[in-house]
>>> print(open('my_file_23.txt').read())   # compact mmCIF, N, CA and C atoms
# COMPACT_ATOMS: atom_id res chain seq x y z
N GLY E 1 -26.07 -10.02 5.84
CA GLY E 1 -25.55 -11.05 4.97
C GLY E 1 -25.63 -12.39 5.64
N GLY E 2 -25.45 -13.43 4.87
CA GLY E 2 -25.47 -14.79 5.39
C GLY E 2 -24.12 -15.19 5.93
N VAL E 3 -24.09 -16.31 6.57
CA VAL E 3 -22.83 -16.82 7.11
C VAL E 3 -22.03 -17.41 5.95
N CYS E 4 -20.76 -17.09 5.89
CA CYS E 4 -19.89 -17.58 4.82
C CYS E 4 -19.47 -19.01 5.07
N GLY E 5 -18.84 -19.57 4.05
CA GLY E 5 -18.24 -20.89 4.18
C GLY E 5 -17.06 -20.84 5.13
N VAL E 6 -16.48 -22.00 5.34
CA VAL E 6 -15.38 -22.13 6.30
C VAL E 6 -14.23 -21.20 5.98
N GLY E 7 -13.92 -20.99 4.68
CA GLY E 7 -12.78 -20.19 4.29
C GLY E 7 -12.91 -18.72 4.62
N CYS E 8 -14.11 -18.25 4.87
CA CYS E 8 -14.29 -16.83 5.09
C CYS E 8 -14.02 -16.43 6.53
N GLY E 9 -14.56 -17.15 7.45
CA GLY E 9 -14.38 -16.81 8.86
C GLY E 9 -15.13 -15.55 9.24
N GLY E 10 -16.16 -15.18 8.49
CA GLY E 10 -16.92 -13.97 8.77
C GLY E 10 -18.26 -14.02 8.08
N LEU E 11 -18.71 -12.89 7.60
CA LEU E 11 -20.01 -12.80 6.95
C LEU E 11 -19.85 -12.43 5.48
N CYS E 12 -20.73 -12.98 4.64
CA CYS E 12 -20.78 -12.61 3.24
C CYS E 12 -22.02 -11.78 3.02
N GLY E 13 -21.92 -10.84 2.15
CA GLY E 13 -23.07 -10.03 1.80
C GLY E 13 -22.87 -9.45 0.43
N ALA E 14 -23.68 -8.50 0.06
CA ALA E 14 -23.57 -7.88 -1.26
C ALA E 14 -22.20 -7.26 -1.46
N ALA E 15 -21.58 -6.77 -0.41
CA ALA E 15 -20.26 -6.15 -0.51
C ALA E 15 -19.14 -7.19 -0.49
N GLY E 16 -19.46 -8.45 -0.27
CA GLY E 16 -18.44 -9.50 -0.25
C GLY E 16 -18.19 -10.00 1.15
N CYS E 17 -17.00 -10.51 1.36
CA CYS E 17 -16.64 -11.15 2.62
C CYS E 17 -16.15 -10.12 3.63
N ARG E 18 -16.59 -10.29 4.84
CA ARG E 18 -16.09 -9.47 5.94
C ARG E 18 -15.65 -10.43 7.03
N GLY E 19 -14.38 -10.60 7.19
CA GLY E 19 -13.88 -11.53 8.19
C GLY E 19 -12.45 -11.21 8.56
N ALA E 20 -11.76 -12.19 9.11
CA ALA E 20 -10.40 -11.99 9.57
C ALA E 20 -9.45 -11.69 8.41
N ASP E 21 -9.63 -12.37 7.27
CA ASP E 21 -8.78 -12.15 6.10
C ASP E 21 -9.50 -11.17 5.18
N PRO E 22 -8.99 -9.97 4.97
CA PRO E 22 -9.71 -8.96 4.19
C PRO E 22 -9.60 -9.14 2.69
N PHE E 23 -8.89 -10.15 2.19
CA PHE E 23 -8.59 -10.22 0.77
C PHE E 23 -9.32 -11.28 -0.05
N PRO E 24 -10.21 -12.12 0.51
CA PRO E 24 -10.93 -13.05 -0.35
C PRO E 24 -12.12 -12.38 -1.04
N GLN E 25 -12.62 -13.03 -2.07
CA GLN E 25 -13.81 -12.56 -2.77
C GLN E 25 -14.57 -13.76 -3.28
N GLY E 26 -15.77 -13.55 -3.79
CA GLY E 26 -16.62 -14.61 -4.30
C GLY E 26 -17.81 -14.82 -3.39
N ALA E 27 -18.81 -15.52 -3.89
CA ALA E 27 -20.04 -15.73 -3.13
C ALA E 27 -19.78 -16.38 -1.77
N GLN E 28 -18.84 -17.28 -1.72
CA GLN E 28 -18.47 -17.94 -0.46
C GLN E 28 -17.05 -17.57 -0.04
N CYS E 29 -16.57 -16.44 -0.54
CA CYS E 29 -15.22 -15.96 -0.20
C CYS E 29 -14.17 -17.01 -0.51
N GLU E 30 -14.33 -17.65 -1.67
CA GLU E 30 -13.48 -18.77 -2.04
C GLU E 30 -12.26 -18.40 -2.88
N ARG E 31 -12.19 -17.16 -3.36
CA ARG E 31 -11.08 -16.74 -4.22
C ARG E 31 -10.37 -15.54 -3.60
N CYS E 32 -9.12 -15.38 -4.00
CA CYS E 32 -8.37 -14.19 -3.58
C CYS E 32 -8.68 -13.05 -4.54
N GLN E 33 -8.63 -11.84 -4.04
CA GLN E 33 -8.81 -10.66 -4.88
C GLN E 33 -7.65 -10.54 -5.86
N PRO E 34 -7.84 -9.74 -6.94
CA PRO E 34 -6.71 -9.51 -7.85
C PRO E 34 -5.50 -8.95 -7.09
N LEU E 35 -4.34 -9.35 -7.53
CA LEU E 35 -3.04 -8.98 -6.97
C LEU E 35 -2.77 -9.66 -5.62
N PHE E 36 -3.55 -10.70 -5.30
CA PHE E 36 -3.33 -11.52 -4.11
C PHE E 36 -3.30 -12.97 -4.55
N VAL E 37 -2.57 -13.80 -3.83
CA VAL E 37 -2.42 -15.20 -4.18
C VAL E 37 -2.62 -16.05 -2.93
N GLY E 38 -3.05 -17.26 -3.13
CA GLY E 38 -3.28 -18.18 -2.03
C GLY E 38 -4.58 -18.91 -2.23
N SER E 39 -5.05 -19.55 -1.21
CA SER E 39 -6.33 -20.24 -1.24
C SER E 39 -7.16 -19.77 -0.07
N ALA E 40 -8.26 -19.14 -0.36
CA ALA E 40 -9.13 -18.65 0.70
C ALA E 40 -10.05 -19.74 1.22
N ARG E 41 -10.01 -20.93 0.62
CA ARG E 41 -10.86 -22.04 1.05
C ARG E 41 -10.30 -22.73 2.29
N GLY E 42 -11.18 -23.33 3.03
CA GLY E 42 -10.77 -24.16 4.16
C GLY E 42 -9.92 -23.44 5.20
N GLY E 43 -10.17 -22.16 5.40
CA GLY E 43 -9.41 -21.43 6.42
C GLY E 43 -8.09 -20.89 5.93
N GLY E 44 -7.81 -21.02 4.62
CA GLY E 44 -6.57 -20.48 4.07
C GLY E 44 -6.60 -18.97 4.03
N SER E 45 -5.54 -18.39 3.52
CA SER E 45 -5.48 -16.93 3.47
C SER E 45 -4.93 -16.48 2.12
N CYS E 46 -5.10 -15.21 1.85
CA CYS E 46 -4.62 -14.57 0.63
C CYS E 46 -3.48 -13.64 1.01
N ARG E 47 -2.39 -13.71 0.24
CA ARG E 47 -1.23 -12.84 0.48
C ARG E 47 -1.02 -11.94 -0.72
N PRO E 48 -0.50 -10.74 -0.52
CA PRO E 48 -0.18 -9.89 -1.66
C PRO E 48 0.85 -10.58 -2.56
N CYS E 49 0.70 -10.43 -3.87
CA CYS E 49 1.64 -11.05 -4.80
C CYS E 49 3.08 -10.62 -4.50
N ARG E 50 3.27 -9.35 -4.18
CA ARG E 50 4.61 -8.85 -3.90
C ARG E 50 5.25 -9.63 -2.75
N SER E 51 4.49 -9.93 -1.72
CA SER E 51 5.00 -10.71 -0.59
C SER E 51 5.29 -12.15 -1.02
N PHE E 52 4.37 -12.75 -1.76
CA PHE E 52 4.52 -14.13 -2.21
C PHE E 52 5.76 -14.29 -3.10
N CYS E 53 6.01 -13.29 -3.95
CA CYS E 53 7.14 -13.33 -4.89
C CYS E 53 8.40 -12.72 -4.32
N ARG E 54 8.45 -12.58 -3.01
CA ARG E 54 9.63 -12.05 -2.30
C ARG E 54 10.08 -10.71 -2.86
N LEU E 55 9.11 -9.81 -3.09
CA LEU E 55 9.33 -8.45 -3.56
C LEU E 55 9.87 -8.37 -4.98
N ASN E 56 9.85 -9.50 -5.74
CA ASN E 56 10.35 -9.51 -7.11
C ASN E 56 9.30 -9.14 -8.14
N ALA E 57 8.01 -9.22 -7.78
CA ALA E 57 6.94 -8.90 -8.72
C ALA E 57 5.71 -8.42 -7.95
N ALA E 58 5.00 -7.50 -8.54
CA ALA E 58 3.78 -6.99 -7.91
C ALA E 58 2.54 -7.71 -8.41
N VAL E 59 2.68 -8.46 -9.52
CA VAL E 59 1.54 -9.14 -10.13
C VAL E 59 1.83 -10.63 -10.20
N CYS E 60 0.84 -11.43 -9.85
CA CYS E 60 0.94 -12.89 -9.95
C CYS E 60 0.15 -13.34 -11.17
N VAL E 61 0.66 -14.33 -11.87
CA VAL E 61 -0.07 -14.93 -12.98
C VAL E 61 -0.11 -16.44 -12.77
N THR E 62 -1.13 -17.07 -13.32
CA THR E 62 -1.21 -18.53 -13.23
C THR E 62 -0.24 -19.14 -14.22
N ARG E 63 0.04 -20.42 -14.06
CA ARG E 63 0.93 -21.13 -14.99
C ARG E 63 0.34 -21.05 -16.41
N GLU E 64 -0.99 -21.18 -16.51
CA GLU E 64 -1.66 -21.11 -17.80
C GLU E 64 -1.47 -19.73 -18.45
N GLU E 65 -1.61 -18.67 -17.67
CA GLU E 65 -1.41 -17.32 -18.19
C GLU E 65 0.03 -17.10 -18.64
N LEU E 66 0.98 -17.63 -17.89
CA LEU E 66 2.39 -17.50 -18.24
C LEU E 66 2.69 -18.24 -19.54
N GLU E 67 2.19 -19.47 -19.68
CA GLU E 67 2.41 -20.25 -20.90
C GLU E 67 1.77 -19.57 -22.11
N ARG E 68 0.57 -19.02 -21.92
CA ARG E 68 -0.12 -18.32 -23.01
C ARG E 68 0.70 -17.09 -23.44
N ALA E 69 1.24 -16.35 -22.48
CA ALA E 69 2.06 -15.18 -22.80
C ALA E 69 3.35 -15.57 -23.50
N ARG E 70 3.93 -16.68 -23.12
CA ARG E 70 5.17 -17.13 -23.78
C ARG E 70 4.90 -17.56 -25.22
N ARG E 71 3.74 -18.18 -25.47
CA ARG E 71 3.39 -18.61 -26.82
C ARG E 71 3.07 -17.44 -27.74
N ASP E 72 2.42 -16.42 -27.20
CA ASP E 72 1.97 -15.30 -28.01
C ASP E 72 2.13 -13.98 -27.23
N PRO E 73 3.39 -13.53 -27.07
CA PRO E 73 3.63 -12.34 -26.23
C PRO E 73 3.00 -11.05 -26.79
N ALA E 74 2.80 -10.96 -28.09
CA ALA E 74 2.18 -9.75 -28.65
C ALA E 74 0.71 -9.66 -28.24
N ARG E 75 0.06 -10.78 -28.18
CA ARG E 75 -1.36 -10.82 -27.83
C ARG E 75 -1.60 -10.82 -26.33
N PHE E 76 -0.68 -11.45 -25.58
CA PHE E 76 -0.82 -11.58 -24.12
C PHE E 76 0.44 -11.06 -23.41
N PRO E 77 0.68 -9.74 -23.46
CA PRO E 77 1.89 -9.20 -22.84
C PRO E 77 1.83 -9.27 -21.31
N LEU E 78 2.96 -9.43 -20.69
CA LEU E 78 3.04 -9.48 -19.24
C LEU E 78 3.51 -8.17 -18.62
N ASP E 79 3.82 -7.18 -19.42
CA ASP E 79 4.26 -5.91 -18.85
C ASP E 79 3.18 -4.87 -18.85
>>> encode(input="my_file_23.txt", output="structure tokens")
Amino acid sequence: GGVCGVGCGGLCGAAGCRGADPFPQGAQCERCQPLFVGSARGGGSCRPCRSFCRLNAAVCVTREELERARRDPARFPLD
């Protein structure tokens, strides 16, 4: 694989990022995997949602996803 961007700290290949932080994804390891939150760019890291939410939730949603679910909970349930 090729050398990843700064946020990866390892190598990118067909299988994704292989570096110090095992949870980023994307061509340049710029996003966190599902159920992880943070910024993998610029040397950042991805944390499990459960850790980020202080053990109160296992799933993280964006502000946009939360607002969409509040507007139309039947169509966009959070449970």
>>> atom_distance(input="my_file_23.txt", atom1="atom C of Ala40 of chain E", atom2="atom C of Phe52 of chain E")
17.3 Å
>>> residues_around(input="my_file_23.txt", residues="Thr62 of chain E", least_positions_apart="4", cutoff="12 Å", atoms="only C-alpha atoms", output="VMD selection string")
chain E and resid 34 to 38 49 66 to 69 78
>>> closest_residue(input="my_file_23.txt", among="E:Arg54, E:Glu65, E:Cys60, E:Ser45", to="Pro77 of chain E", atoms="only C-alpha atoms")
E:Glu65
>>> atom_distance(input="my_file_23.txt", atom1="atom C of Arg47 of chain E", atom2="atom N of Pro73 of chain E")
26.8 Å
>>> select_by_dssp(input="my_file_23.txt", residues="segment 21-67 of chain E", states="strand (DSSP E)", output="NGL selection string")
:E and (24-25 or 31-32 or 36-38 or 46-48)
>>> write_last_selection(input="my_file_23.txt", atoms="N, CA and C atoms", output="PDB file, keeping the file's coordinate frame")
ATOM      1  N   PRO E  24     -10.210 -12.120   0.510  1.00  0.00           N
ATOM      2  CA  PRO E  24     -10.930 -13.050  -0.350  1.00  0.00           C
ATOM      3  C   PRO E  24     -12.120 -12.380  -1.040  1.00  0.00           C
ATOM      4  N   GLN E  25     -12.620 -13.030  -2.070  1.00  0.00           N
ATOM      5  CA  GLN E  25     -13.810 -12.560  -2.770  1.00  0.00           C
ATOM      6  C   GLN E  25     -14.570 -13.760  -3.280  1.00  0.00           C
ATOM      7  N   ARG E  31     -12.190 -17.160  -3.360  1.00  0.00           N
ATOM      8  CA  ARG E  31     -11.080 -16.740  -4.220  1.00  0.00           C
ATOM      9  C   ARG E  31     -10.370 -15.540  -3.600  1.00  0.00           C
ATOM     10  N   CYS E  32      -9.120 -15.380  -4.000  1.00  0.00           N
ATOM     11  CA  CYS E  32      -8.370 -14.190  -3.580  1.00  0.00           C
ATOM     12  C   CYS E  32      -8.680 -13.050  -4.540  1.00  0.00           C
ATOM     13  N   PHE E  36      -3.550 -10.700  -5.300  1.00  0.00           N
ATOM     14  CA  PHE E  36      -3.330 -11.520  -4.110  1.00  0.00           C
ATOM     15  C   PHE E  36      -3.300 -12.970  -4.550  1.00  0.00           C
ATOM     16  N   VAL E  37      -2.570 -13.800  -3.830  1.00  0.00           N
ATOM     17  CA  VAL E  37      -2.420 -15.200  -4.180  1.00  0.00           C
ATOM     18  C   VAL E  37      -2.620 -16.050  -2.930  1.00  0.00           C
ATOM     19  N   GLY E  38      -3.050 -17.260  -3.130  1.00  0.00           N
ATOM     20  CA  GLY E  38      -3.280 -18.180  -2.030  1.00  0.00           C
ATOM     21  C   GLY E  38      -4.580 -18.910  -2.230  1.00  0.00           C
ATOM     22  N   CYS E  46      -5.100 -15.210   1.850  1.00  0.00           N
ATOM     23  CA  CYS E  46      -4.620 -14.570   0.630  1.00  0.00           C
ATOM     24  C   CYS E  46      -3.480 -13.640   1.010  1.00  0.00           C
ATOM     25  N   ARG E  47      -2.390 -13.710   0.240  1.00  0.00           N
ATOM     26  CA  ARG E  47      -1.230 -12.840   0.480  1.00  0.00           C
ATOM     27  C   ARG E  47      -1.020 -11.940  -0.720  1.00  0.00           C
ATOM     28  N   PRO E  48      -0.500 -10.740  -0.520  1.00  0.00           N
ATOM     29  CA  PRO E  48      -0.180  -9.890  -1.660  1.00  0.00           C
ATOM     30  C   PRO E  48       0.850 -10.580  -2.560  1.00  0.00           C
TER      31      PRO E  48
END
>>> atom_distance(input="my_file_23.txt", atom1="atom C of Cys53 of chain E", atom2="atom N of Cys32 of chain E")
17.7 Å
